[in-house]
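Content type mmCIF, C-alpha atoms and all ligand atoms; chains and numbers go by the auth columns, from the file model-v1.cif:
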```
data_query
loop_
_atom_site.group_PDB
_atom_site.id
_atom_site.type_symbol
_atom_site.label_atom_id
_atom_site.label_comp_id
_atom_site.label_asym_id
_atom_site.label_seq_id
_atom_site.Cartn_x
_atom_site.Cartn_y
_atom_site.Cartn_z
_atom_site.B_iso_or_equiv
_atom_site.auth_seq_id
_atom_site.auth_asym_id
ATOM 1 C CA MET A 1 175.679 -60.681 -62.322 0.00 601 A
ATOM 2 C CA ILE A 2 172.811 -62.972 -63.230 0.00 602 A
ATOM 3 C CA ARG A 3 172.054 -65.777 -60.783 0.00 603 A
ATOM 4 C CA LEU A 4 169.097 -67.778 -59.510 0.00 604 A
ATOM 5 C CA ALA A 5 166.996 -65.837 -57.024 0.00 605 A
ATOM 6 C CA LYS A 6 167.367 -66.558 -53.317 0.00 606 A
ATOM 7 C CA ASP A 7 164.748 -66.300 -50.579 0.00 607 A
ATOM 8 C CA GLY A 8 166.325 -63.043 -49.389 0.00 608 A
ATOM 9 C CA ASP A 9 165.734 -61.426 -52.798 0.00 609 A
ATOM 10 C CA ILE A 10 161.935 -61.506 -52.625 0.00 610 A
ATOM 11 C CA GLU A 11 161.504 -58.119 -50.961 0.00 611 A
ATOM 12 C CA SER A 12 163.694 -56.439 -53.595 0.00 612 A
ATOM 13 C CA MET A 13 161.745 -58.153 -56.375 0.00 613 A
ATOM 14 C CA VAL A 14 158.455 -56.768 -55.028 0.00 614 A
ATOM 15 C CA THR A 15 159.959 -53.266 -55.001 0.00 615 A
ATOM 16 C CA ILE A 16 161.424 -53.624 -58.498 0.00 616 A
ATOM 17 C CA GLU A 17 158.134 -54.700 -60.088 0.00 617 A
ATOM 18 C CA ARG A 18 156.286 -51.677 -58.689 0.00 618 A
ATOM 19 C CA ALA A 19 159.042 -49.282 -59.721 0.00 619 A
ATOM 20 C CA ALA A 20 159.389 -50.807 -63.201 0.00 620 A
ATOM 21 C CA ASP A 21 155.665 -50.740 -63.925 0.00 621 A
ATOM 22 C CA ALA A 22 155.478 -47.006 -63.135 0.00 622 A
ATOM 23 C CA ILE A 23 156.701 -46.443 -66.710 0.00 623 A
ATOM 24 C CA PHE A 24 153.173 -47.353 -67.891 0.00 624 A
ATOM 25 C CA HIS A 25 151.942 -44.029 -66.430 0.00 625 A
ATOM 26 C CA ASP A 26 153.929 -42.305 -69.197 0.00 626 A
ATOM 27 C CA ILE A 27 151.739 -43.787 -71.924 0.00 627 A
ATOM 28 C CA GLY A 28 148.346 -43.473 -70.253 0.00 628 A
ATOM 29 C CA MET A 29 148.256 -47.037 -68.941 0.00 629 A
ATOM 30 C CA SER A 30 147.963 -46.111 -65.281 0.00 630 A
ATOM 31 C CA ALA A 31 145.711 -49.090 -64.615 0.00 631 A
ATOM 32 C CA VAL A 32 148.703 -51.305 -65.404 0.00 632 A
ATOM 33 C CA ALA A 33 151.117 -49.188 -63.372 0.00 633 A
ATOM 34 C CA ASP A 34 148.794 -49.160 -60.368 0.00 634 A
ATOM 35 C CA GLY A 35 147.262 -52.590 -60.889 0.00 635 A
ATOM 36 C CA ASP A 36 147.758 -55.778 -58.926 0.00 636 A
ATOM 37 C CA HIS A 37 151.357 -56.787 -58.505 0.00 637 A
ATOM 38 C CA MET A 38 152.610 -60.263 -57.811 0.00 638 A
ATOM 39 C CA PRO A 39 152.370 -61.192 -54.123 0.00 639 A
ATOM 40 C CA ALA A 40 155.610 -62.119 -52.364 0.00 640 A
ATOM 41 C CA ASP A 41 154.363 -65.681 -51.825 0.00 641 A
ATOM 42 C CA ASP A 42 153.942 -66.157 -55.585 0.00 642 A
ATOM 43 C CA LEU A 43 157.424 -64.781 -56.206 0.00 643 A
ATOM 44 C CA ARG A 44 158.729 -67.200 -53.589 0.00 644 A
ATOM 45 C CA ASN A 45 157.099 -70.109 -55.417 0.00 645 A
ATOM 46 C CA TYR A 46 159.082 -69.239 -58.570 0.00 646 A
ATOM 47 C CA GLN A 47 162.243 -68.835 -56.505 0.00 647 A
ATOM 48 C CA ARG A 48 161.787 -72.197 -54.791 0.00 648 A
ATOM 49 C CA ALA A 49 161.075 -73.881 -58.123 0.00 649 A
ATOM 50 C CA GLY A 50 164.395 -72.547 -59.491 0.00 650 A
ATOM 51 C CA ARG A 51 162.634 -70.496 -62.144 0.00 651 A
ATOM 52 C CA ALA A 52 163.423 -66.968 -60.951 0.00 652 A
ATOM 53 C CA TRP A 53 166.626 -65.212 -61.989 0.00 653 A
ATOM 54 C CA VAL A 54 167.956 -61.897 -60.726 0.00 654 A
ATOM 55 C CA ASP A 55 170.596 -59.478 -61.952 0.00 655 A
ATOM 56 C CA THR A 56 172.679 -57.822 -59.244 0.00 656 A
ATOM 57 C CA ASP A 57 175.209 -55.017 -59.059 0.00 657 A
ATOM 58 C CA ASP A 58 178.758 -55.426 -57.743 0.00 658 A
ATOM 59 C CA LEU A 59 177.505 -55.038 -54.174 0.00 659 A
ATOM 60 C CA GLY A 60 174.904 -57.748 -54.617 0.00 660 A
ATOM 61 C CA HIS A 61 171.868 -55.460 -54.784 0.00 661 A
ATOM 62 C CA VAL A 62 169.092 -56.910 -56.938 0.00 662 A
ATOM 63 C CA LEU A 63 168.293 -54.629 -59.902 0.00 663 A
ATOM 64 C CA ALA A 64 166.161 -56.782 -62.178 0.00 664 A
ATOM 65 C CA TYR A 65 164.500 -60.174 -62.334 0.00 665 A
ATOM 66 C CA LEU A 66 162.792 -62.659 -64.634 0.00 666 A
ATOM 67 C CA LEU A 67 160.209 -65.346 -63.794 0.00 667 A
ATOM 68 C CA LEU A 68 159.683 -68.435 -65.924 0.00 668 A
ATOM 69 C CA ASP A 69 156.742 -70.862 -66.073 0.00 669 A
ATOM 70 C CA VAL A 70 156.447 -74.044 -68.083 0.00 670 A
ATOM 71 C CA PHE A 71 153.046 -74.448 -69.788 0.00 671 A
ATOM 72 C CA ASP A 72 152.198 -77.374 -72.057 0.00 672 A
ATOM 73 C CA GLY A 73 155.847 -78.381 -71.976 0.00 673 A
ATOM 74 C CA VAL A 74 157.012 -74.966 -73.203 0.00 674 A
ATOM 75 C CA PRO A 75 158.921 -72.459 -71.055 0.00 675 A
ATOM 76 C CA HIS A 76 157.028 -69.201 -70.743 0.00 676 A
ATOM 77 C CA ILE A 77 158.361 -65.856 -69.511 0.00 677 A
ATOM 78 C CA GLU A 78 155.863 -64.686 -66.898 0.00 678 A
ATOM 79 C CA GLN A 79 157.604 -61.467 -65.983 0.00 679 A
ATOM 80 C CA VAL A 80 160.684 -59.376 -66.677 0.00 680 A
ATOM 81 C CA SER A 81 161.178 -56.286 -64.540 0.00 681 A
ATOM 82 C CA VAL A 82 164.125 -53.929 -64.510 0.00 682 A
ATOM 83 C CA HIS A 83 164.433 -51.159 -61.929 0.00 683 A
ATOM 84 C CA PRO A 84 164.106 -47.824 -63.773 0.00 684 A
ATOM 85 C CA SER A 85 167.380 -46.608 -62.249 0.00 685 A
ATOM 86 C CA CYS A 86 169.183 -49.018 -64.578 0.00 686 A
ATOM 87 C CA ALA A 87 166.803 -49.273 -67.531 0.00 687 A
ATOM 88 C CA GLY A 88 168.281 -49.333 -71.007 0.00 688 A
ATOM 89 C CA GLN A 89 171.499 -51.056 -69.926 0.00 689 A
ATOM 90 C CA GLY A 90 170.628 -54.374 -71.514 0.00 690 A
ATOM 91 C CA LYS A 91 169.613 -56.032 -68.248 0.00 691 A
ATOM 92 C CA GLY A 92 166.222 -57.117 -69.595 0.00 692 A
ATOM 93 C CA ARG A 93 167.826 -58.563 -72.685 0.00 693 A
ATOM 94 C CA MET A 94 170.490 -60.427 -70.673 0.00 694 A
ATOM 95 C CA LEU A 95 167.873 -61.953 -68.371 0.00 695 A
ATOM 96 C CA ILE A 96 165.870 -63.129 -71.378 0.00 696 A
ATOM 97 C CA GLU A 97 169.020 -64.645 -72.882 0.00 697 A
ATOM 98 C CA ALA A 98 169.702 -66.393 -69.554 0.00 698 A
ATOM 99 C CA ALA A 99 166.193 -67.867 -69.623 0.00 699 A
ATOM 100 C CA ALA A 100 166.657 -68.906 -73.263 0.00 700 A
ATOM 101 C CA ASN A 101 169.970 -70.579 -72.406 0.00 701 A
ATOM 102 C CA TRP A 102 168.370 -72.415 -69.486 0.00 702 A
ATOM 103 C CA ALA A 103 165.547 -73.570 -71.786 0.00 703 A
ATOM 104 C CA LYS A 104 168.010 -74.810 -74.411 0.00 704 A
ATOM 105 C CA GLN A 105 170.052 -76.678 -71.807 0.00 705 A
ATOM 106 C CA GLU A 106 166.860 -78.316 -70.545 0.00 706 A
ATOM 107 C CA GLY A 107 166.110 -79.480 -74.093 0.00 707 A
ATOM 108 C CA PHE A 108 163.243 -77.121 -74.911 0.00 708 A
ATOM 109 C CA SER A 109 162.953 -75.822 -78.472 0.00 709 A
ATOM 110 C CA SER A 110 160.963 -72.634 -77.902 0.00 710 A
ATOM 111 C CA LEU A 111 160.167 -69.919 -75.389 0.00 711 A
ATOM 112 C CA THR A 112 156.880 -68.005 -75.163 0.00 712 A
ATOM 113 C CA LEU A 113 155.470 -64.917 -73.478 0.00 713 A
ATOM 114 C CA THR A 114 152.415 -62.670 -73.606 0.00 714 A
ATOM 115 C CA THR A 115 152.774 -58.930 -73.837 0.00 715 A
ATOM 116 C CA PHE A 116 151.292 -55.624 -74.942 0.00 716 A
ATOM 117 C CA THR A 117 151.457 -55.477 -78.717 0.00 717 A
ATOM 118 C CA GLU A 118 151.857 -51.720 -79.102 0.00 718 A
ATOM 119 C CA VAL A 119 153.931 -50.750 -76.068 0.00 719 A
ATOM 120 C CA PRO A 120 157.416 -49.888 -77.385 0.00 720 A
ATOM 121 C CA TRP A 121 159.268 -51.761 -74.643 0.00 721 A
ATOM 122 C CA ASN A 122 157.043 -54.829 -74.952 0.00 722 A
ATOM 123 C CA ALA A 123 156.215 -56.633 -78.250 0.00 723 A
ATOM 124 C CA PRO A 124 158.445 -54.466 -80.521 0.00 724 A
ATOM 125 C CA TYR A 125 161.292 -54.942 -78.020 0.00 725 A
ATOM 126 C CA TYR A 126 160.879 -58.736 -77.911 0.00 726 A
ATOM 127 C CA ALA A 127 160.588 -58.865 -81.693 0.00 727 A
ATOM 128 C CA ARG A 128 164.066 -57.356 -81.945 0.00 728 A
ATOM 129 C CA PHE A 129 165.514 -60.503 -80.463 0.00 729 A
ATOM 130 C CA GLY A 130 163.589 -63.166 -82.194 0.00 730 A
ATOM 131 C CA PHE A 131 160.094 -63.401 -80.707 0.00 731 A
ATOM 132 C CA GLU A 132 157.245 -63.651 -83.223 0.00 732 A
ATOM 133 C CA VAL A 133 153.535 -63.107 -82.612 0.00 733 A
ATOM 134 C CA ILE A 134 151.599 -66.385 -82.398 0.00 734 A
ATOM 135 C CA PRO A 135 148.320 -66.180 -84.358 0.00 735 A
ATOM 136 C CA VAL A 136 145.311 -66.636 -82.060 0.00 736 A
ATOM 137 C CA SER A 137 144.304 -69.748 -84.044 0.00 737 A
ATOM 138 C CA GLN A 138 147.639 -71.369 -83.125 0.00 738 A
ATOM 139 C CA LEU A 139 147.602 -70.757 -79.370 0.00 739 A
ATOM 140 C CA SER A 140 148.204 -73.832 -77.225 0.00 740 A
ATOM 141 C CA SER A 141 145.607 -74.583 -74.564 0.00 741 A
ATOM 142 C CA GLY A 142 147.982 -73.221 -71.909 0.00 742 A
ATOM 143 C CA LEU A 143 148.480 -69.939 -73.761 0.00 743 A
ATOM 144 C CA LYS A 144 144.719 -69.661 -74.372 0.00 744 A
ATOM 145 C CA GLN A 145 144.175 -69.991 -70.624 0.00 745 A
ATOM 146 C CA ILE A 146 146.758 -67.310 -69.925 0.00 746 A
ATOM 147 C CA ARG A 147 145.137 -64.957 -72.450 0.00 747 A
ATOM 148 C CA GLU A 148 141.673 -65.608 -70.961 0.00 748 A
ATOM 149 C CA HIS A 149 142.994 -64.901 -67.482 0.00 749 A
ATOM 150 C CA GLU A 150 144.619 -61.672 -68.707 0.00 750 A
ATOM 151 C CA ALA A 151 141.377 -60.590 -70.369 0.00 751 A
ATOM 152 C CA ALA A 152 139.488 -61.265 -67.125 0.00 752 A
ATOM 153 C CA MET A 153 142.011 -59.045 -65.324 0.00 753 A
ATOM 154 C CA GLY A 154 141.221 -56.197 -67.707 0.00 754 A
ATOM 155 C CA LEU A 155 144.535 -56.279 -69.543 0.00 755 A
ATOM 156 C CA ASP A 156 142.849 -56.554 -72.929 0.00 756 A
ATOM 157 C CA ALA A 157 141.882 -52.894 -72.698 0.00 757 A
ATOM 158 C CA TRP A 158 145.039 -52.597 -74.843 0.00 758 A
ATOM 159 C CA PRO A 159 146.079 -54.973 -77.627 0.00 759 A
ATOM 160 C CA ARG A 160 147.962 -57.989 -76.325 0.00 760 A
ATOM 161 C CA SER A 161 149.465 -60.986 -78.002 0.00 761 A
ATOM 162 C CA ALA A 162 151.376 -64.154 -77.319 0.00 762 A
ATOM 163 C CA MET A 163 154.853 -64.455 -78.825 0.00 763 A
ATOM 164 C CA ARG A 164 157.223 -67.357 -79.419 0.00 764 A
ATOM 165 C CA ARG A 165 160.965 -67.515 -79.912 0.00 765 A
ATOM 166 C CA THR A 166 162.390 -70.617 -81.530 0.00 766 A
ATOM 167 C CA LEU A 167 165.548 -71.784 -79.774 0.00 767 A
ATOM 168 C CA ILE A 168 168.211 -73.014 -82.135 0.00 768 A
ATOM 169 C CA GLY A 169 171.449 -74.768 -81.301 0.00 769 A
HETATM 170 C C1 LIG B . 160.811 -54.094 -70.603 0.00 1 B
HETATM 171 C C2 LIG B . 161.998 -53.987 -69.678 0.00 1 B
HETATM 172 C C3 LIG B . 162.116 -55.299 -68.896 0.00 1 B
HETATM 173 C C4 LIG B . 163.263 -53.760 -70.510 0.00 1 B
HETATM 174 O O1 LIG B . 164.375 -53.792 -69.636 0.00 1 B
HETATM 175 P P1 LIG B . 165.726 -52.979 -69.977 0.00 1 B
HETATM 176 O O2 LIG B . 166.829 -53.598 -69.201 0.00 1 B
HETATM 177 O O3 LIG B . 165.503 -51.528 -69.835 0.00 1 B
HETATM 178 O O4 LIG B . 165.868 -53.374 -71.487 0.00 1 B
HETATM 179 P P2 LIG B . 167.141 -53.328 -72.388 0.00 1 B
HETATM 180 O O5 LIG B . 168.186 -52.410 -71.828 0.00 1 B
HETATM 181 O O6 LIG B . 167.504 -54.729 -72.686 0.00 1 B
HETATM 182 O O7 LIG B . 166.537 -52.636 -73.677 0.00 1 B
HETATM 183 C C5 LIG B . 165.784 -51.469 -73.534 0.00 1 B
HETATM 184 C C6 LIG B . 164.861 -51.450 -74.685 0.00 1 B
HETATM 185 O O8 LIG B . 163.597 -50.937 -74.308 0.00 1 B
HETATM 186 C C7 LIG B . 163.248 -49.903 -75.194 0.00 1 B
HETATM 187 N N1 LIG B . 162.626 -48.895 -74.351 0.00 1 B
HETATM 188 C C8 LIG B . 162.791 -48.725 -73.048 0.00 1 B
HETATM 189 N N2 LIG B . 162.038 -47.691 -72.616 0.00 1 B
HETATM 190 C C9 LIG B . 161.413 -47.225 -73.688 0.00 1 B
HETATM 191 C C10 LIG B . 160.500 -46.158 -73.901 0.00 1 B
HETATM 192 N N3 LIG B . 160.083 -45.378 -72.889 0.00 1 B
HETATM 193 N N4 LIG B . 160.052 -45.969 -75.130 0.00 1 B
HETATM 194 C C11 LIG B . 160.485 -46.738 -76.146 0.00 1 B
HETATM 195 N N5 LIG B . 161.322 -47.763 -76.005 0.00 1 B
HETATM 196 C C12 LIG B . 161.781 -48.001 -74.784 0.00 1 B
HETATM 197 C C13 LIG B . 164.528 -49.398 -75.808 0.00 1 B
HETATM 198 O O9 LIG B . 164.295 -49.021 -77.151 0.00 1 B
HETATM 199 C C14 LIG B . 165.447 -50.607 -75.773 0.00 1 B
HETATM 200 O O10 LIG B . 165.372 -51.407 -76.907 0.00 1 B
HETATM 201 P P3 LIG B . 166.681 -51.695 -77.842 0.00 1 B
HETATM 202 O O11 LIG B . 167.875 -51.760 -76.952 0.00 1 B
HETATM 203 O O12 LIG B . 166.389 -52.995 -78.511 0.00 1 B
HETATM 204 O O13 LIG B . 166.697 -50.531 -78.745 0.00 1 B
HETATM 205 C C15 LIG B . 161.870 -52.804 -68.697 0.00 1 B
HETATM 206 O O14 LIG B . 161.643 -51.635 -69.459 0.00 1 B
HETATM 207 C C16 LIG B . 160.755 -52.960 -67.694 0.00 1 B
HETATM 208 O O15 LIG B . 160.945 -53.498 -66.615 0.00 1 B
HETATM 209 N N6 LIG B . 159.561 -52.434 -68.041 0.00 1 B
HETATM 210 C C17 LIG B . 158.400 -52.444 -67.159 0.00 1 B
HETATM 211 C C18 LIG B . 157.831 -53.813 -67.015 0.00 1 B
HETATM 212 C C19 LIG B . 157.559 -54.478 -68.350 0.00 1 B
HETATM 213 O O16 LIG B . 156.965 -53.914 -69.254 0.00 1 B
HETATM 214 N N7 LIG B . 158.002 -55.740 -68.438 0.00 1 B
HETATM 215 C C20 LIG B . 157.851 -56.546 -69.624 0.00 1 B
HETATM 216 C C21 LIG B . 156.540 -57.215 -69.670 0.00 1 B
HETATM 217 S S1 LIG B . 156.369 -58.492 -68.482 0.00 1 B
#
```
Will you turn the file into structure tokens for me?
Amino acid sequence: MIRLAKDGDIESMVTIERAADAIFHDIGMSAVADGDHMPADDLRNYQRAGRAWVDTDDLGHVLAYLLLDVFDGVPHIEQVSVHPSCAGQGKGRMLIEAAANWAKQEGFSSLTLTTFTEVPWNAPYYARFGFEVIPVSQLSSGLKQIREHEAAMGLDAWPRSAMRRTLIG
């Protein structure tokens, strides 16, 4: 079940991000797998702002989550993480659809994210449900700042890009 995150979910979210990112070891991106993860206080800020969603099992255990920012008046997916024990069950996709539905209800017309261009479960995955790469020349100032911050963190050791999905209807 997808619902807004609660304060009591933060610990599970920390665990899920670490477990989910371990998949980057498989493709030689250990620096990403072992890199800095989001501190609990930052996760709590998203939760308190009402921009963190979780997916739970029938017993209420948190299995996956999504964090949303709003930059330059455009909602921006900061993070999607699915625990590897339930990867490939459509949980990532359903969380992204929940964020898209929220954005539409709030009157936004697009949704953005930044991601690794060549990682199979990143840009090619998002492209399958409507995200398109934003040319560097068309980046908003907010997205430019995000990309600069990512480069400073060393993430540009692998190709990255910003993507946008237009929200219709
Ligand atoms: C990306 C992620 C959120 C997807 O969650 P998920 O619930 O497993 O995704 P879904 O079940 O909706 O879809 C799985 C997709 O990933 C692809 N995928 C997953 N693992 C893969 C792998 N090792 N190699 C290739 N493709 C892979 C599958 O092809 C599938 O795509 P399709 O259904 O369109 O064919 C999850 O893999 C994850 O948490 N990854 C680590 C963190 C991350 O990269 N987050 C996104 C950037 S912030």
Close residues, region 755-768 of chain A itself excluded, 8 Å, all atoms listed in the file, min 5 positions apart in chain, as a JSON list (two decimals) with C-alpha atoms, in the coordinates of the input:
```
[["chain", "number", "residue", "atom", "x", "y", "z"],
["A", 632, "VAL", "CA", 148.70, -51.30, -65.40],
["A", 700, "ALA", "CA", 166.66, -68.91, -73.26],
["A", 704, "LYS", "CA", 168.01, -74.81, -74.41],
["A", 708, "PHE", "CA", 163.24, -77.12, -74.91],
["A", 709, "SER", "CA", 162.95, -75.82, -78.47],
["A", 710, "SER", "CA", 160.96, -72.63, -77.90],
["A", 711, "LEU", "CA", 160.17, -69.92, -75.39],
["A", 712, "THR", "CA", 156.88, -68.00, -75.16],
["A", 713, "LEU", "CA", 155.47, -64.92, -73.48],
["A", 714, "THR", "CA", 152.42, -62.67, -73.61],
["A", 715, "THR", "CA", 152.77, -58.93, -73.84],
["A", 716, "PHE", "CA", 151.29, -55.62, -74.94],
["A", 717, "THR", "CA", 151.46, -55.48, -78.72],
["A", 718, "GLU", "CA", 151.86, -51.72, -79.10],
["A", 723, "ALA", "CA", 156.22, -56.63, -78.25],
["A", 730, "GLY", "CA", 163.59, -63.17, -82.19],
["A", 731, "PHE", "CA", 160.09, -63.40, -80.71],
["A", 732, "GLU", "CA", 157.24, -63.65, -83.22],
["A", 733, "VAL", "CA", 153.54, -63.11, -82.61],
["A", 734, "ILE", "CA", 151.60, -66.39, -82.40],
["A", 735, "PRO", "CA", 148.32, -66.18, -84.36],
["A", 739, "LEU", "CA", 147.60, -70.76, -79.37],
["A", 743, "LEU", "CA", 148.48, -69.94, -73.76],
["A", 747, "ARG", "CA", 145.14, -64.96, -72.45],
["A", 750, "GLU", "CA", 144.62, -61.67, -68.71]]
```
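When only C-alpha atoms and all ligand atoms are used to measure the gap to ligand LIG 1 (chain B), the shortest distance among A:Leu667, A:Val680, A:Ile746, A:Ala698 belongs to A:Val680.
In terms of minimum interatomic distance to Gly690 (chain A), A:Tyr725 ranks closest within A:Tyr725, A:Asp658, A:Met638, A:Asp669, counting only C-alpha atoms.
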query: Any idea what the distance is between CA of Asn701 (chain A) and CA of Pro675 (chain A)?
result: 11.3 Å
Give me the chain A side of the contact with ligand LIG 1 (chain B), cut-off 10 Å, one line per residue showing its nearest atom pair and distance in Å at one decimal, counting all atoms listed in the file, sorted by chain and residue number, as a Markdown table.
```
| residue | atom | partner | partner_atom | distance |
| --- | --- | --- | --- | --- |
| A:Ile616 | CA | B:LIG1 | O15 | 8.1 |
| A:Glu617 | CA | B:LIG1 | C18 | 7.0 |
| A:Arg618 | CA | B:LIG1 | C18 | 8.7 |
| A:Ala619 | CA | B:LIG1 | C17 | 8.1 |
| A:Ala620 | CA | B:LIG1 | C17 | 4.4 |
| A:Asp621 | CA | B:LIG1 | C17 | 4.6 |
| A:Ala622 | CA | B:LIG1 | C17 | 7.4 |
| A:Ile623 | CA | B:LIG1 | C17 | 6.3 |
| A:Phe624 | CA | B:LIG1 | C17 | 7.3 |
| A:Asp626 | CA | B:LIG1 | N3 | 7.8 |
| A:Ile627 | CA | B:LIG1 | N3 | 8.5 |
| A:Val632 | CA | B:LIG1 | O16 | 9.5 |
| A:Ala633 | CA | B:LIG1 | C17 | 8.8 |
| A:Leu663 | CA | B:LIG1 | O2 | 9.5 |
| A:Ala664 | CA | B:LIG1 | O15 | 7.6 |
| A:Tyr665 | CA | B:LIG1 | C3 | 8.5 |
| A:Leu666 | CA | B:LIG1 | C3 | 8.5 |
| A:Leu667 | CA | B:LIG1 | S1 | 9.1 |
| A:Ile677 | CA | B:LIG1 | S1 | 7.7 |
| A:Glu678 | CA | B:LIG1 | S1 | 6.4 |
| A:Gln679 | CA | B:LIG1 | S1 | 4.1 |
| A:Val680 | CA | B:LIG1 | S1 | 4.8 |
| A:Ser681 | CA | B:LIG1 | O15 | 3.5 |
| A:Val682 | CA | B:LIG1 | O15 | 3.8 |
| A:His683 | CA | B:LIG1 | O15 | 6.3 |
| A:Pro684 | CA | B:LIG1 | O15 | 7.1 |
| A:Ser685 | CA | B:LIG1 | O3 | 9.2 |
| A:Cys686 | CA | B:LIG1 | O3 | 6.9 |
| A:Ala687 | CA | B:LIG1 | O3 | 3.5 |
| A:Gly688 | CA | B:LIG1 | O5 | 3.2 |
| A:Gln689 | CA | B:LIG1 | O5 | 4.1 |
| A:Gly690 | CA | B:LIG1 | O5 | 3.1 |
| A:Lys691 | CA | B:LIG1 | O2 | 3.8 |
| A:Gly692 | CA | B:LIG1 | O2 | 3.6 |
| A:Arg693 | CA | B:LIG1 | O6 | 3.8 |
| A:Met694 | CA | B:LIG1 | O6 | 6.7 |
| A:Leu695 | CA | B:LIG1 | O6 | 8.4 |
| A:Ile696 | CA | B:LIG1 | O6 | 8.7 |
| A:Leu713 | CA | B:LIG1 | S1 | 8.2 |
| A:Thr714 | CA | B:LIG1 | S1 | 7.7 |
| A:Thr715 | CA | B:LIG1 | C21 | 5.9 |
| A:Phe716 | CA | B:LIG1 | C21 | 7.6 |
| A:Val719 | CA | B:LIG1 | C11 | 7.7 |
| A:Pro720 | CA | B:LIG1 | C11 | 4.6 |
| A:Trp721 | CA | B:LIG1 | O8 | 4.4 |
| A:Asn722 | CA | B:LIG1 | C20 | 5.7 |
| A:Ala723 | CA | B:LIG1 | C21 | 8.6 |
| A:Pro724 | CA | B:LIG1 | O12 | 8.3 |
| A:Tyr725 | CA | B:LIG1 | O12 | 5.5 |
| A:Tyr726 | CA | B:LIG1 | O12 | 8.0 |
| A:Ala727 | CA | B:LIG1 | O12 | 8.8 |
| A:Arg728 | CA | B:LIG1 | O12 | 6.0 |
| A:Phe729 | CA | B:LIG1 | O12 | 7.8 |
```
- request: Give me, please, the distance in Å between CA of Met601 (chain A) and CA of Asp657 (chain A), quoted to one decimal.
  value: 6.6 Å
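Here CA of Arg648 (chain A) is placed at a distance of 28.2 Å from CA of Ala751 (chain A).
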task: Taking the file above as input, evaluate the PyMOL selection byres (((chain A and resi 640) around 10) and not hetatm) and report the hits as a ChimeraX atom specification.
output: /A:610-614,637-639,641-645
Would you give the centre and edge lengths, in Å to one decimal, of a box along x, y and z around the listed atoms of region 643-654 of chain A, with 6 Å added to each side, as AutoDock Vina command-line options?
```
--center_x 162.5 --center_y -67.9 --center_z -57.9 --size_x 22.9 --size_y 24.0 --size_z 20.6
```
task: Measuring atom to atom with only C-alpha atoms, identify which of A:Ala703, A:Val654, A:Ala631, A:Ile602 is nearest to Val670 (chain A).
output: A:Ala703
Nearest to Gly754 (chain A) by atom-to-atom distance, counting all atoms listed in the file, from A:Asp636, A:Glu706, A:Arg651, A:Ser741: A:Asp636
